[in-house]
file coords-v9.pdb (PDB, C-alpha atoms)
ATOM      1  CA  MET A   1       0.000   0.000   0.000
ATOM      2  CA  ILE A   2       1.354   3.383  -0.982
ATOM      3  CA  TYR A   3      -0.229   5.345   1.884
ATOM      4  CA  GLN A   4       0.917   2.992   4.595
ATOM      5  CA  GLN A   5       3.131   5.687   6.096
ATOM      6  CA  PHE A   6       0.040   7.833   6.784
ATOM      7  CA  GLN A   7      -1.817   5.104   8.656
ATOM      8  CA  GLN A   8       0.008   5.893  11.909
ATOM      9  CA  SER A   9       0.945   9.230  13.384
ATOM     10  CA  PRO A  10       4.719   9.693  13.308
ATOM     11  CA  PHE A  11       4.588  11.420  16.716
ATOM     12  CA  GLN A  12       2.979   8.523  18.536
ATOM     13  CA  PRO A  13       6.195   6.608  19.234
ATOM     14  CA  ARG A  14       8.034   9.799  20.148
ATOM     15  CA  ILE A  15       5.518  11.097  22.690
ATOM     16  CA  SER A  16       4.719   8.059  24.739
ATOM     17  CA  GLY A  17       6.031   6.178  27.707
ATOM     18  CA  PRO A  18       7.113   7.194  31.169
ATOM     19  CA  ARG A  19       9.500   9.905  29.932
ATOM     20  CA  ALA A  20       6.674  11.746  28.211
ATOM     21  CA  TRP A  21       4.494  11.566  31.307
ATOM     22  CA  LEU A  22       7.382  12.836  33.421
ATOM     23  CA  ALA A  23       8.039  15.723  31.022
ATOM     24  CA  MET A  24       4.367  16.630  31.032
ATOM     25  CA  ALA A  25       4.222  16.512  34.841
ATOM     26  CA  VAL A  26       7.318  18.699  35.150
ATOM     27  CA  SER A  27       6.009  21.262  32.668
ATOM     28  CA  VAL A  28       2.574  21.409  34.321
ATOM     29  CA  SER A  29       4.158  21.785  37.758
ATOM     30  CA  LEU A  30       6.424  24.598  36.489
ATOM     31  CA  ILE A  31       3.433  26.396  34.998
ATOM     32  CA  CYS A  32       1.488  26.069  38.250
ATOM     33  CA  LEU A  33       4.487  27.214  40.271
ATOM     34  CA  SER A  34       4.998  30.252  38.058
ATOM     35  CA  LEU A  35       1.302  31.161  38.304
ATOM     36  CA  PHE A  36       1.480  30.762  42.096
ATOM     37  CA  LEU A  37       4.617  32.918  42.393
ATOM     38  CA  LEU A  38       3.494  35.635  39.975
ATOM     39  CA  PRO A  39       1.587  37.716  42.592
ATOM     40  CA  PHE A  40       4.578  37.605  44.930
ATOM     41  CA  VAL A  41       6.939  38.693  42.178
ATOM     42  CA  LEU A  42       4.619  41.570  41.285
ATOM     43  CA  LEU A  43       4.330  42.530  44.954
ATOM     44  CA  PHE A  44       8.102  42.527  45.332
ATOM     45  CA  GLY A  45       8.448  44.679  42.207
ATOM     46  CA  ALA A  46       5.877  47.162  43.499
ATOM     47  CA  ILE A  47       7.613  47.411  46.874
ATOM     48  CA  ALA A  48      11.023  47.854  45.217
ATOM     49  CA  LEU A  49       9.684  50.546  42.878
ATOM     50  CA  GLY A  50       7.951  52.368  45.720
ATOM     51  CA  SER A  51      11.067  52.380  47.884
ATOM     52  CA  LEU A  52      13.166  53.545  44.941
ATOM     53  CA  VAL A  53      10.772  56.430  44.307
ATOM     54  CA  LEU A  54      10.701  57.374  47.995
ATOM     55  CA  PHE A  55      14.450  57.359  48.486
ATOM     56  CA  SER A  56      15.099  59.097  45.174
ATOM     57  CA  ARG A  57      12.768  61.912  46.255
ATOM     58  CA  ILE A  58      14.706  62.251  49.509
ATOM     59  CA  TYR A  59      18.018  62.258  47.624
ATOM     60  CA  VAL A  60      16.832  64.827  45.092
ATOM     61  CA  ALA A  61      15.470  67.040  47.886
ATOM     62  CA  ARG A  62      18.875  66.958  49.599
ATOM     63  CA  GLN A  63      20.663  67.813  46.358
ATOM     64  CA  VAL A  64      18.262  70.697  45.644
ATOM     65  CA  SER A  65      18.754  72.101  49.149
ATOM     66  CA  LYS A  66      22.551  71.909  48.705
ATOM     67  CA  PHE A  67      22.236  73.680  45.366
ATOM     68  CA  ASN A  68      20.004  76.396  46.825
ATOM     69  CA  ARG A  69      22.431  76.904  49.732
ATOM     70  CA  ALA A  70      25.342  77.239  47.319
ATOM     71  CA  GLN A  71      23.374  79.687  45.182
ATOM     72  CA  ALA A  72      22.495  81.775  48.246
ATOM     73  CA  GLN A  73      26.124  81.824  49.383
ATOM     74  CA  ALA A  74      27.276  82.837  45.900
ATOM     75  CA  GLN A  75      24.698  85.620  45.778
ATOM     76  CA  GLU A  76      25.739  86.817  49.217
ATOM     77  CA  ALA A  77      29.396  86.825  48.212
ATOM     78  CA  ALA A  78      28.579  88.712  45.014
ATOM     79  CA  SER A  79      26.554  91.322  46.882
ATOM     80  CA  GLN A  80      29.381  91.789  49.392
ATOM     81  CA  GLU A  81      31.819  92.156  46.502
ATOM     82  CA  THR A  82      29.726  94.848  44.825
ATOM     83  CA  GLU A  83      29.330  96.629  48.161
ATOM     84  CA  PHE A  84      33.093  96.602  48.519
ATOM     85  CA  TYR A  85      33.598  98.198  45.123
ATOM     86  CA  ARG A  86      30.911 100.806  45.823
ATOM     87  CA  SER A  87      32.439 101.784  49.137
ATOM     88  CA  THR A  88      34.790 104.739  49.605
ATOM     89  CA  ASN A  89      37.666 102.484  50.699
ATOM     90  CA  VAL A  90      38.627 101.807  47.104
ATOM     91  CA  VAL A  91      41.375 104.082  45.833
ATOM     92  CA  ARG A  92      40.581 105.268  42.356
ATOM     93  CA  GLU A  93      42.751 106.954  39.758
ATOM     94  CA  ILE A  94      42.267 110.706  39.839
ATOM     95  CA  HIS A  95      42.503 111.224  36.070
ATOM     96  CA  ALA A  96      40.722 108.024  35.063
ATOM     97  CA  GLU A  97      38.239 109.854  32.844
ATOM     98  CA  GLN A  98      41.057 111.001  30.538
ATOM     99  CA  TYR A  99      42.358 107.482  29.977
ATOM    100  CA  ARG A 100      39.090 105.674  29.467
ATOM    101  CA  GLY A 101      39.364 102.847  26.923
ATOM    102  CA  ARG A 102      43.093 102.376  27.309
ATOM    103  CA  THR A 103      44.650  99.213  28.622
ATOM    104  CA  PHE A 104      46.962 100.853  31.150
ATOM    105  CA  GLU A 105      45.936 103.795  33.267
ATOM    106  CA  HIS A 106      48.821 105.830  34.647
ATOM    107  CA  GLN A 107      49.782 109.364  35.545
ATOM    108  CA  GLN A 108      50.606 111.720  32.690
ATOM    109  CA  ASP A 109      54.099 112.432  34.003
ATOM    110  CA  GLU A 110      54.972 108.697  34.169
ATOM    111  CA  LYS A 111      56.875 107.165  31.283
TER     112      LYS A 111
END
call {"tool": "encode", "arguments": {"input": "coords-v9.pdb", "output": "structure tokens"}}
result
Amino acid sequence: MIYQQFQQSPFQPRISGPRAWLAMAVSVSLICLSLFLLPFVLLFGAIALGSLVLFSRIYVARQVSKFNRAQAQAQEAASQETEFYRSTNVVREIHAEQYRGRTFEHQQDEK
């Protein structure tokens, strides 16, 4: 008969016996175990994400406060510097208006 090869399924001898039953039992148990552990994995992920968000907010708040403190100190130093240059303690050149725009300001009698 020409179609004798189609009388039997070619997979029947491959998937049969105690090894097949063992493989099926292992795969079903792994699927059940993964479905049982899935809520715990999701819970762990949610807790980890929440703690990461909480501690990152604390860290960013600390960094922002450091930055604001540094900015305030820089502004204070700049305002003190401008007050120093506005004060009368600074000795200015008497004839500075005559030499405006030049690189070196000096007395006219100097050479």
call {"tool": "atom_distance", "arguments": {"input": "coords-v9.pdb", "atom1": "CA of Leu52 in chain A", "atom2": "CA of Lys66 in chain A"}}
result
21.0 Å
call {"tool": "atom_distance", "arguments": {"input": "coords-v9.pdb", "atom1": "CA of Gly17 in chain A", "atom2": "CA of Cys32 in chain A"}}
result
23.0 Å
call {"tool": "atom_distance", "arguments": {"input": "coords-v9.pdb", "atom1": "CA of Arg57 in chain A", "atom2": "CA of Leu38 in chain A"}}
result
28.6 Å
